[in-house]
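What follows is the content of work.cif, which has mmCIF, C-alpha atoms:
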data_coords
loop_
_atom_site.label_atom_id
_atom_site.label_comp_id
_atom_site.auth_asym_id
_atom_site.auth_seq_id
_atom_site.Cartn_x
_atom_site.Cartn_y
_atom_site.Cartn_z
CA MET O 13 0.00 0.00 0.00
CA PHE O 14 2.71 2.47 1.06
CA SER O 15 4.83 1.62 -1.95
CA SER O 16 1.99 2.78 -4.21
CA ILE O 17 1.47 6.03 -2.25
CA ALA O 18 5.09 7.17 -2.51
CA PRO O 19 5.10 7.51 -6.33
CA LEU O 20 1.82 9.44 -6.15
CA ALA O 21 3.25 11.82 -3.59
CA ARG O 22 6.22 12.54 -5.85
CA LEU O 23 3.85 13.53 -8.66
CA ASN O 24 2.31 16.32 -6.59
CA PRO O 25 3.15 19.71 -8.19
CA PHE O 26 3.38 21.29 -4.73
CA TYR O 27 5.85 18.65 -3.59
CA ALA O 28 8.55 20.13 -1.33
CA PRO O 29 11.94 20.35 -3.04
CA HIS O 30 13.74 19.53 0.20
CA PHE O 31 11.74 16.34 0.67
CA GLN O 32 12.21 15.41 -2.98
CA LEU O 33 15.94 15.99 -2.62
CA CYS O 34 16.01 13.62 0.35
CA GLN O 35 14.08 10.98 -1.58
CA ASP O 36 16.34 11.36 -4.60
CA GLY O 37 19.35 10.95 -2.36
CA LEU O 38 18.00 7.64 -1.03
CA ARG O 39 16.98 6.42 -4.46
CA ARG O 40 20.21 7.37 -6.24
CA ARG O 41 22.98 6.52 -3.80
CA ALA O 42 25.37 5.73 -6.64
CA GLU O 43 24.94 9.12 -8.28
CA PRO O 44 26.83 12.27 -7.25
CA ALA O 45 24.85 14.51 -4.90
CA GLU O 46 23.59 17.57 -6.74
CA ALA O 47 20.53 19.80 -6.63
CA PRO O 48 17.46 18.56 -8.52
CA THR O 49 16.56 20.40 -11.69
CA THR O 50 12.93 20.89 -10.63
CA ARG O 51 11.99 23.63 -8.16
CA ARG O 52 15.52 25.02 -8.54
CA SER O 53 14.39 28.46 -7.38
CA LEU O 54 13.18 27.19 -4.00
CA ALA O 55 16.25 25.02 -3.57
CA ALA O 56 18.48 28.04 -4.19
CA ALA O 57 16.54 30.19 -1.74
CA SER O 58 16.69 27.44 0.89
CA ALA O 59 20.28 26.33 0.39
CA THR O 60 21.35 27.51 3.83
CA GLU O 61 18.23 26.53 5.79
CA GLU O 62 16.78 23.25 6.95
CA TYR O 63 13.05 22.60 7.10
CA SER O 64 11.67 21.49 10.45
CA CYS O 65 9.54 18.79 8.82
CA GLU O 66 8.68 17.18 5.51
CA TYR O 67 6.05 18.70 3.25
CA GLY O 68 2.80 16.77 3.74
CA SER O 69 3.86 15.15 7.03
CA GLY O 70 1.68 15.00 10.12
CA ARG O 71 3.77 17.68 11.83
CA PHE O 72 3.40 19.91 8.76
CA PHE O 73 -0.40 19.67 8.84
CA MET O 74 -0.49 20.15 12.61
CA LEU O 75 1.57 23.36 12.45
CA CYS O 76 -0.49 24.64 9.51
CA GLY O 77 -3.60 24.12 11.64
CA PHE O 78 -1.92 25.98 14.51
CA GLY O 79 -1.13 28.82 12.11
CA GLY O 80 -4.83 28.87 11.17
CA ILE O 81 -5.84 29.14 14.83
CA ILE O 82 -3.58 32.15 15.38
CA SER O 83 -4.42 33.89 12.11
CA CYS O 84 -8.22 33.51 12.28
CA GLY O 85 -8.78 33.70 16.04
CA THR O 86 -6.76 36.86 16.63
CA THR O 87 -7.85 38.80 13.53
CA HIS O 88 -11.58 38.16 13.91
CA THR O 89 -11.42 39.06 17.61
CA ALA O 90 -9.55 42.30 16.84
CA LEU O 91 -12.33 43.33 14.44
CA VAL O 92 -15.24 42.55 16.80
CA PRO O 93 -16.36 46.25 17.05
CA LEU O 94 -16.67 46.56 13.27
CA ASP O 95 -18.34 43.16 13.02
CA LEU O 96 -20.83 44.14 15.75
CA VAL O 97 -21.87 47.32 13.90
CA LYS O 98 -22.08 45.42 10.61
CA CYS O 99 -24.38 42.78 12.13
CA ARG O 100 -26.61 45.44 13.72
CA MET O 101 -26.90 47.27 10.39
CA GLN O 102 -28.06 44.01 8.80
CA VAL O 103 -30.72 43.13 11.37
CA ASP O 104 -31.94 46.67 12.21
CA PRO O 105 -31.13 49.05 9.29
CA GLN O 106 -33.66 51.64 10.53
CA LYS O 107 -31.75 52.19 13.77
CA TYR O 108 -28.20 51.65 12.49
CA LYS O 109 -28.18 53.60 9.23
CA SER O 110 -24.44 53.63 8.45
CA ILE O 111 -21.08 52.54 9.86
CA PHE O 112 -20.44 55.83 11.64
CA ASN O 113 -24.03 56.09 12.86
CA GLY O 114 -23.85 52.49 14.07
CA PHE O 115 -20.72 53.18 16.12
CA SER O 116 -22.27 56.39 17.52
CA VAL O 117 -25.53 54.70 18.58
CA THR O 118 -23.71 51.72 20.11
CA ILE O 119 -21.33 53.90 22.15
CA LYS O 120 -24.20 56.15 23.28
CA GLU O 121 -26.25 53.15 24.52
CA ASP O 122 -23.57 50.77 25.81
CA GLY O 123 -20.39 52.82 26.10
CA PHE O 124 -17.07 51.82 24.55
CA ARG O 125 -17.25 48.53 26.41
CA GLY O 126 -20.33 47.64 24.37
CA LEU O 127 -18.21 47.47 21.21
CA ALA O 128 -16.48 44.35 22.58
CA LYS O 129 -19.71 42.35 22.92
CA GLY O 130 -19.31 38.85 21.52
CA TRP O 131 -15.51 38.70 21.67
CA ALA O 132 -15.41 35.31 23.46
CA PRO O 133 -17.53 33.29 20.97
CA THR O 134 -15.72 35.10 18.17
CA PHE O 135 -12.30 34.05 19.44
CA ILE O 136 -13.26 30.44 20.18
CA GLY O 137 -15.37 29.92 17.06
CA TYR O 138 -12.97 31.42 14.55
CA SER O 139 -9.96 29.72 16.15
CA MET O 140 -11.65 26.37 15.54
CA GLN O 141 -12.61 27.46 12.05
CA GLY O 142 -9.03 28.52 11.30
CA LEU O 143 -7.70 25.17 12.49
CA CYS O 144 -9.93 23.30 10.04
CA LYS O 145 -9.78 25.84 7.20
CA PHE O 146 -6.01 26.13 6.83
CA GLY O 147 -5.12 22.67 8.10
CA PHE O 148 -7.57 20.78 5.89
CA TYR O 149 -6.81 23.03 2.89
CA GLU O 150 -3.22 21.80 2.91
CA VAL O 151 -4.46 18.20 3.27
CA PHE O 152 -6.96 18.42 0.41
CA LYS O 153 -4.59 20.36 -1.85
CA ILE O 154 -2.03 17.57 -1.63
CA LEU O 155 -4.68 14.84 -1.86
CA TYR O 156 -6.37 16.26 -4.95
CA GLY O 157 -3.02 17.15 -6.52
CA ASN O 158 -1.89 13.54 -6.19
CA MET O 159 -5.16 12.32 -7.72
CA LEU O 160 -4.78 14.61 -10.74
CA GLY O 161 -1.10 13.99 -11.38
CA GLU O 162 1.61 16.57 -11.98
CA GLU O 163 0.55 17.84 -15.42
CA ASN O 164 -3.20 18.02 -14.77
CA ALA O 165 -2.64 19.57 -11.34
CA TYR O 166 -0.76 22.40 -13.05
CA LEU O 167 -3.26 22.86 -15.89
CA TRP O 168 -6.25 22.72 -13.51
CA ARG O 169 -4.60 24.44 -10.55
CA THR O 170 -7.38 27.02 -10.08
CA SER O 171 -9.96 24.22 -9.90
CA LEU O 172 -7.63 22.41 -7.51
CA TYR O 173 -7.52 25.44 -5.19
CA LEU O 174 -11.31 25.83 -5.39
CA ALA O 175 -12.01 22.16 -4.63
CA ALA O 176 -9.50 21.96 -1.77
CA SER O 177 -10.75 25.15 -0.08
CA ALA O 178 -14.43 24.19 -0.45
CA SER O 179 -13.76 20.79 1.11
CA ALA O 180 -11.87 22.34 4.01
CA GLU O 181 -14.52 25.00 4.67
CA PHE O 182 -17.30 22.40 4.83
CA PHE O 183 -15.75 21.01 8.02
CA ALA O 184 -14.60 24.41 9.29
CA ASP O 185 -18.18 25.74 9.35
CA ILE O 186 -19.41 22.81 11.42
CA ALA O 187 -16.82 23.81 14.01
CA LEU O 188 -17.76 27.50 13.76
CA ALA O 189 -21.59 27.31 13.76
CA PRO O 190 -22.29 27.05 17.54
CA MET O 191 -20.11 30.02 18.47
CA GLU O 192 -21.35 32.09 15.51
CA ALA O 193 -24.94 31.59 16.65
CA ALA O 194 -24.09 32.68 20.19
CA LYS O 195 -22.12 35.69 18.93
CA VAL O 196 -24.99 37.00 16.81
CA ARG O 197 -27.47 36.64 19.70
CA ILE O 198 -25.17 38.58 22.03
CA GLN O 199 -24.46 41.32 19.50
CA THR O 200 -27.89 41.88 17.95
CA GLN O 201 -30.43 41.20 20.73
CA PRO O 202 -30.13 43.86 23.46
CA GLY O 203 -30.73 42.38 26.89
CA TYR O 204 -30.58 38.75 25.71
CA ALA O 205 -27.11 37.99 27.11
CA ASN O 206 -23.89 39.90 27.71
CA THR O 207 -21.49 36.96 27.88
CA LEU O 208 -21.02 33.53 26.32
CA ARG O 209 -21.73 31.86 29.66
CA GLN O 210 -25.12 33.53 29.77
CA ALA O 211 -26.00 32.93 26.10
CA VAL O 212 -25.24 29.21 25.73
CA PRO O 213 -27.55 27.79 28.46
CA LYS O 214 -30.31 30.22 27.51
CA MET O 215 -30.16 29.24 23.82
CA PHE O 216 -30.09 25.54 24.67
CA GLY O 217 -33.06 25.93 27.01
CA GLU O 218 -35.15 27.68 24.33
CA GLU O 219 -34.38 25.61 21.21
CA GLY O 220 -32.11 22.75 22.25
CA ILE O 221 -29.06 21.80 20.18
CA TRP O 222 -30.82 23.11 17.05
CA ALA O 223 -30.17 26.67 18.26
CA PHE O 224 -26.46 26.19 17.59
CA TYR O 225 -26.70 24.48 14.20
CA LYS O 226 -29.76 25.97 12.50
CA GLY O 227 -27.48 28.49 10.82
CA VAL O 228 -24.98 25.96 9.46
CA ALA O 229 -26.60 25.73 5.98
CA PRO O 230 -26.60 29.50 5.35
CA LEU O 231 -23.14 29.54 6.94
CA TRP O 232 -22.02 27.12 4.21
CA MET O 233 -23.69 29.44 1.67
CA ARG O 234 -21.65 32.35 3.03
CA GLN O 235 -18.36 30.76 3.94
CA ILE O 236 -17.75 28.21 1.17
CA PRO O 237 -17.89 30.78 -1.69
CA TYR O 238 -15.89 33.15 0.54
CA THR O 239 -13.18 30.59 1.22
CA MET O 240 -13.04 29.38 -2.38
CA MET O 241 -12.43 32.97 -3.46
CA LYS O 242 -10.03 33.56 -0.56
CA PHE O 243 -7.71 30.70 -1.44
CA ALA O 244 -8.00 30.54 -5.23
CA CYS O 245 -7.74 34.32 -5.69
CA PHE O 246 -4.84 34.49 -3.25
CA GLU O 247 -2.89 31.68 -4.91
CA ARG O 248 -3.33 33.09 -8.42
CA THR O 249 -2.65 36.68 -7.27
CA VAL O 250 0.63 35.62 -5.66
CA GLU O 251 1.53 33.86 -8.91
CA ALA O 252 0.69 36.99 -10.94
CA LEU O 253 2.55 39.36 -8.60
CA TYR O 254 5.77 37.39 -8.84
CA LYS O 255 5.37 37.04 -12.60
CA TYR O 256 4.39 40.60 -13.56
CA VAL O 257 5.02 42.98 -10.62
CA VAL O 258 7.89 41.86 -8.40
CA PRO O 259 11.11 42.81 -10.23
CA LYS O 260 13.05 39.71 -9.17
CA PRO O 261 12.35 35.98 -8.76
CA ARG O 262 10.80 34.77 -5.52
CA SER O 263 13.98 32.81 -4.73
CA GLU O 264 15.90 36.12 -4.58
CA CYS O 265 13.36 37.86 -2.33
CA SER O 266 13.97 38.02 1.40
CA LYS O 267 11.46 36.53 3.82
CA GLY O 268 10.21 40.04 4.60
CA GLU O 269 9.68 40.85 0.93
CA GLN O 270 7.80 37.59 0.43
CA LEU O 271 5.53 38.43 3.37
CA VAL O 272 4.74 41.85 1.83
CA VAL O 273 3.63 40.07 -1.37
CA THR O 274 1.53 37.76 0.81
CA PHE O 275 -0.19 40.73 2.49
CA ILE O 276 -0.98 42.50 -0.81
CA ALA O 277 -2.34 39.33 -2.41
CA GLY O 278 -4.41 38.67 0.72
CA TYR O 279 -6.03 42.12 0.62
CA ILE O 280 -6.94 41.77 -3.06
CA ALA O 281 -8.46 38.37 -2.38
CA GLY O 282 -10.35 39.78 0.64
CA VAL O 283 -12.22 42.40 -1.40
CA PHE O 284 -13.60 39.73 -3.73
CA CYS O 285 -14.37 37.47 -0.75
CA ALA O 286 -16.55 40.15 0.85
CA ILE O 287 -18.60 40.70 -2.29
CA VAL O 288 -19.37 37.04 -3.09
CA SER O 289 -20.28 36.11 0.49
CA HIS O 290 -22.19 39.19 1.68
CA PRO O 291 -25.79 38.20 0.77
CA ALA O 292 -25.49 34.94 2.72
CA ASP O 293 -23.84 36.82 5.60
CA SER O 294 -26.93 39.06 5.85
CA VAL O 295 -29.20 36.01 5.97
CA VAL O 296 -27.08 34.37 8.71
CA SER O 297 -27.18 37.52 10.85
CA VAL O 298 -30.99 37.82 10.69
CA LEU O 299 -31.56 34.06 11.02
CA ASN O 300 -29.53 33.73 14.20
CA LYS O 301 -31.37 36.70 15.72
CA GLU O 302 -34.88 35.37 15.07
CA LYS O 303 -36.51 32.24 16.41
CA GLY O 304 -38.50 29.96 14.10
CA SER O 305 -37.43 31.54 10.80
CA SER O 306 -35.90 29.68 7.86
CA ALA O 307 -33.18 30.90 5.48
CA SER O 308 -35.62 31.10 2.55
CA GLN O 309 -38.11 33.17 4.59
CA VAL O 310 -35.40 35.62 5.67
CA LEU O 311 -34.06 35.91 2.12
CA LYS O 312 -37.52 36.63 0.74
CA ARG O 313 -38.22 39.27 3.37
CA LEU O 314 -34.89 41.08 2.94
CA GLY O 315 -35.12 41.27 -0.85
CA PHE O 316 -32.31 42.11 -3.26
CA ARG O 317 -31.42 45.49 -1.74
CA GLY O 318 -31.69 44.25 1.83
CA VAL O 319 -29.06 41.52 1.48
CA TRP O 320 -26.46 44.10 0.40
CA LYS O 321 -26.86 46.30 3.51
CA GLY O 322 -23.54 46.75 5.28
CA LEU O 323 -21.42 45.75 2.25
CA PHE O 324 -18.98 48.66 2.56
CA ALA O 325 -18.27 47.83 6.21
CA ARG O 326 -17.79 44.19 5.26
CA ILE O 327 -15.36 45.04 2.43
CA ILE O 328 -13.21 47.07 4.85
CA MET O 329 -13.42 44.33 7.48
CA ILE O 330 -12.84 41.33 5.22
CA GLY O 331 -10.14 42.99 3.11
CA THR O 332 -8.11 43.83 6.20
CA LEU O 333 -8.97 40.52 7.82
CA THR O 334 -7.93 38.38 4.86
CA ALA O 335 -4.67 40.26 4.33
CA LEU O 336 -3.74 39.92 8.01
CA GLN O 337 -4.73 36.25 8.09
CA TRP O 338 -2.51 35.33 5.15
CA PHE O 339 0.33 37.45 6.57
CA ILE O 340 0.11 35.79 10.00
CA TYR O 341 -0.32 32.31 8.51
CA ASP O 342 2.72 32.72 6.27
CA SER O 343 4.70 34.21 9.18
CA VAL O 344 3.93 31.12 11.28
CA LYS O 345 5.27 28.96 8.44
CA VAL O 346 8.44 31.04 8.34
CA TYR O 347 8.85 30.92 12.13
CA PHE O 348 8.49 27.13 12.32
CA ARG O 349 10.61 26.67 9.16
CA LEU O 350 7.87 24.87 7.28
CA PRO O 351 8.27 24.10 3.56
CA ARG O 352 6.77 26.95 1.49
CA PRO O 353 6.74 25.84 -2.15
CA PRO O 354 6.94 28.65 -4.73
CA PRO O 355 4.11 29.36 -7.20
CA PRO O 356 3.74 26.29 -9.43
CA GLU O 357 5.68 26.11 -12.67
CA MET O 358 4.84 24.17 -15.81
CA PRO O 359 6.31 20.65 -15.56
CA GLU O 360 9.10 19.84 -18.03
CA SER O 361 7.08 16.93 -19.44
CA LEU O 362 4.22 19.31 -20.28
CA LYS O 363 6.60 21.81 -21.85
CA LYS O 364 7.87 19.06 -24.15
CA LYS O 365 4.32 18.03 -25.11
CA LEU O 366 3.45 21.65 -25.95
CA GLY O 367 6.69 22.14 -27.89
CA LEU O 368 7.97 24.82 -25.51
CA THR O 369 11.42 23.22 -25.17
CA GLN O 370 13.94 22.19 -27.76
#

Using the file provided, produce a representation of the structure as structure tokens.
Amino acid sequence: MFSSIAPLARLNPFYAPHFQLCQDGLRRRAEPAEAPTTRRSLAAASATEEYSCEYGSGRFFMLCGFGGIISCGTTHTALVPLDLVKCRMQVDPQKYKSIFNGFSVTIKEDGFRGLAKGWAPTFIGYSMQGLCKFGFYEVFKILYGNMLGEENAYLWRTSLYLAASASAEFFADIALAPMEAAKVRIQTQPGYANTLRQAVPKMFGEEGIWAFYKGVAPLWMRQIPYTMMKFACFERTVEALYKYVVPKPRSECSKGEQLVVTFIAGYIAGVFCAIVSHPADSVVSVLNKEKGSSASQVLKRLGFRGVWKGLFARIIMIGTLTALQWFIYDSVKVYFRLPRPPPPEMPESLKKKLGLTQ
């Protein structure tokens, strides 16, 4: 079984050069030791450093998940005040007419402390979501890449990113749903509960376990398109930046310069994420506030204009959020010396088939 998995792993277009070099060294003991011809740019950039683990190993996935916890948990918690105003604009647009008006009304009624409402379920929920989102994305990207093979994985790389991110987000939202439901109740229903400890038993007493998972379907509607855009747009934007904007190859960029590219690509991806996921976000906010309503009923009542309320606030929030998340996630990879493969390049075999080499 394991002998059949090893060749598949070597076909993966995101295969770590360092790991491949190790495998080649074991397989070709009689040959002189020299750098592999593939992924030469990453090998050159990493000539003086050692990775802490192999690409695709259990430790690699575990640390990627840890990076997801830090990146998602901290960034979402830091933006709780903006998220609170955005949610209130969605569920009560007559009272909270704009971002600035929403902040003014909230501070007038609850003081500055009121802007932090819902921080605990936000931190817990989005930490769990980050663990699954980033950790499983790396798992599914390698899995699907192996299934496609090197050439098809390169040709269909955008579809690969979309499929891997959608699969990861499916599980991430199941982890997020209970805390998201509690957060919305705390933020949008004055007097319902001020803390997570007050909200959870009250919600369970009123509606049972359904109170925590009734929003999972619209959450999938919001988060899966969001995450597909977040990962696919980011991956392709990074590829484009290094190809058309950055004046030198990635292998010649310092770690700091690479992280700047990561941040810029993350912000661009975040703007598109906000737009594609906003209608479903409006439905989730109203659904978690009301008892006995369904997603279709809420959507019908809000109408086309209603589902776009609060979009500007969400673009600011999600753009900043996504950029910071990618920056923190990539920084965690750098700190733990995890393999960070460069943007994929066309395999030599495919170049020969297309007549691009002599």

(request) Determine the residue set returned by the PyMOL selection byres ((chain O and resi 74) around 12) for the present structure, and present it as a ChimeraX atom specification. (result) /O:65-73,75-81,143-144,146-151,344-345,348,350

Is it possible to get the axis-aligned box enclosing range 164-180 of chain O (all listed atoms, 4 Å extra per side) as AutoDock Vina command-line options, with centre and edge lengths in Å rounded to one decimal?
--center_x -7.6 --center_y 22.5 --center_z -5.9 --size_x 21.7 --size_y 17.0 --size_z 27.9

(request) Excluding Phe182 in chain O and any residue of its chain fewer than 4 positions from it, enumerate the residues within 9 Å of it, using all atoms listed in the file, and give them as a list in words. (result)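 Residues near the query, excluding close chain neighbours: Lys145, Ser177, Ala178, Ile186, Trp232, Gln235 and Ile236 of chain O.
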
(request) Would you mind reading off the distance between CA of Gly137 in chain O and CA of Leu96 in chain O, one decimal, in Å? (result)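 Atom-to-atom, CA of Gly137 in chain O to CA of Leu96 in chain O, that is 15.3 Å.
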
(request) Name the residues within 6 Å of (-32.9, 29.8, 10.3), counting only C-alpha atoms in the file's coordinates, and put them as a PyMOL selection string. (result) chain O and resi 226-227+299+305-307

(request) Run the PyMOL selection byres ((chain O and resi 334) around 8) on the file and write out the hits as a VMD selection string. (result) chain O and resid 242 278 to 279 281 to 282 330 to 333 335 to 338

For the PyMOL selection byres ((chain O and resi 189-195) around 6), applied here, can you spell out every residue it catches as a short mmCIF file (atom, residue, chain, number, x, y, z; two decimals) with C-alpha atoms, in the frame of the given file?
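That gives us expr_8.cif:
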data_model
loop_
_atom_site.label_atom_id
_atom_site.label_comp_id
_atom_site.auth_asym_id
_atom_site.auth_seq_id
_atom_site.Cartn_x
_atom_site.Cartn_y
_atom_site.Cartn_z
CA GLY O 130 -19.31 38.85 21.52
CA PRO O 133 -17.53 33.29 20.97
CA GLY O 137 -15.37 29.92 17.06
CA ASP O 185 -18.18 25.74 9.35
CA ILE O 186 -19.41 22.81 11.42
CA ALA O 187 -16.82 23.81 14.01
CA LEU O 188 -17.76 27.50 13.76
CA VAL O 196 -24.99 37.00 16.81
CA ARG O 197 -27.47 36.64 19.70
CA ILE O 198 -25.17 38.58 22.03
CA PHE O 224 -26.46 26.19 17.59
CA TYR O 225 -26.70 24.48 14.20
CA VAL O 228 -24.98 25.96 9.46
CA ASN O 300 -29.53 33.73 14.20
#

(message) One number please: CA of Leu366 in chain O to CA of Ala175 in chain O, in Å, one decimal.
(response) 26.3 Å

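Put simply, CA of Glu162 in chain O is 25.2 Å away from CA of Gln270 in chain O.
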
(message) Using all atoms listed in the file for the distances, tell me which of O:Leu160, O:Ile328, O:Ala205, O:Leu91 is nearest to Ala128 in chain O.
(response) O:Leu91

(message) From the options O:Lys214, O:Lys120, O:Lys129, O:Arg326, which residue's atoms come nearest to Pro291 in chain O, counting all atoms listed in the file?
(response)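 Going through O:Lys214, O:Lys120, O:Lys129, O:Arg326 one by one, the smallest distance to Pro291 in chain O is for O:Arg326.
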
Would you mind completing range 261-276 of chain O so that it carries N, CA and C atoms, and writing it out as a PDB file, in the frame of the given file?
ATOM      1  N   PRO O 261      12.979  37.268  -9.078  1.00  0.00           N
ATOM      2  CA  PRO O 261      12.350  35.980  -8.760  1.00  0.00           C
ATOM      3  C   PRO O 261      12.105  35.813  -7.264  1.00  0.00           C
ATOM      4  N   ARG O 262      11.135  34.988  -6.930  1.00  0.00           N
ATOM      5  CA  ARG O 262      10.800  34.770  -5.520  1.00  0.00           C
ATOM      6  C   ARG O 262      12.009  34.231  -4.750  1.00  0.00           C
ATOM      7  N   SER O 263      12.824  33.398  -5.400  1.00  0.00           N
ATOM      8  CA  SER O 263      13.980  32.810  -4.730  1.00  0.00           C
ATOM      9  C   SER O 263      14.991  33.860  -4.288  1.00  0.00           C
ATOM     10  N   GLU O 264      14.969  35.048  -4.938  1.00  0.00           N
ATOM     11  CA  GLU O 264      15.900  36.120  -4.580  1.00  0.00           C
ATOM     12  C   GLU O 264      15.300  37.124  -3.609  1.00  0.00           C
ATOM     13  N   CYS O 265      14.022  36.960  -3.282  1.00  0.00           N
ATOM     14  CA  CYS O 265      13.360  37.860  -2.330  1.00  0.00           C
ATOM     15  C   CYS O 265      13.646  37.406  -0.901  1.00  0.00           C
ATOM     16  N   SER O 266      13.800  38.356  -0.013  1.00  0.00           N
ATOM     17  CA  SER O 266      13.970  38.020   1.400  1.00  0.00           C
ATOM     18  C   SER O 266      12.638  37.547   1.973  1.00  0.00           C
ATOM     19  N   LYS O 267      12.692  36.983   3.169  1.00  0.00           N
ATOM     20  CA  LYS O 267      11.460  36.530   3.820  1.00  0.00           C
ATOM     21  C   LYS O 267      10.500  37.702   4.025  1.00  0.00           C
ATOM     22  N   GLY O 268      11.044  38.862   4.412  1.00  0.00           N
ATOM     23  CA  GLY O 268      10.210  40.040   4.600  1.00  0.00           C
ATOM     24  C   GLY O 268       9.526  40.480   3.330  1.00  0.00           C
ATOM     25  N   GLU O 269      10.254  40.469   2.219  1.00  0.00           N
ATOM     26  CA  GLU O 269       9.680  40.850   0.930  1.00  0.00           C
ATOM     27  C   GLU O 269       8.595  39.873   0.499  1.00  0.00           C
ATOM     28  N   GLN O 270       8.813  38.597   0.756  1.00  0.00           N
ATOM     29  CA  GLN O 270       7.800  37.590   0.430  1.00  0.00           C
ATOM     30  C   GLN O 270       6.529  37.790   1.247  1.00  0.00           C
ATOM     31  N   LEU O 271       6.691  38.194   2.509  1.00  0.00           N
ATOM     32  CA  LEU O 271       5.530  38.430   3.370  1.00  0.00           C
ATOM     33  C   LEU O 271       4.747  39.666   2.928  1.00  0.00           C
ATOM     34  N   VAL O 272       5.429  40.671   2.377  1.00  0.00           N
ATOM     35  CA  VAL O 272       4.740  41.850   1.830  1.00  0.00           C
ATOM     36  C   VAL O 272       3.872  41.433   0.638  1.00  0.00           C
ATOM     37  N   VAL O 273       4.408  40.588  -0.226  1.00  0.00           N
ATOM     38  CA  VAL O 273       3.630  40.070  -1.370  1.00  0.00           C
ATOM     39  C   VAL O 273       2.416  39.291  -0.848  1.00  0.00           C
ATOM     40  N   THR O 274       2.625  38.505   0.199  1.00  0.00           N
ATOM     41  CA  THR O 274       1.530  37.760   0.810  1.00  0.00           C
ATOM     42  C   THR O 274       0.424  38.692   1.293  1.00  0.00           C
ATOM     43  N   PHE O 275       0.797  39.780   1.957  1.00  0.00           N
ATOM     44  CA  PHE O 275      -0.190  40.730   2.490  1.00  0.00           C
ATOM     45  C   PHE O 275      -0.981  41.386   1.358  1.00  0.00           C
ATOM     46  N   ILE O 276      -0.301  41.836   0.307  1.00  0.00           N
ATOM     47  CA  ILE O 276      -0.980  42.500  -0.810  1.00  0.00           C
ATOM     48  C   ILE O 276      -1.939  41.540  -1.503  1.00  0.00           C
TER      49      ILE O 276
END
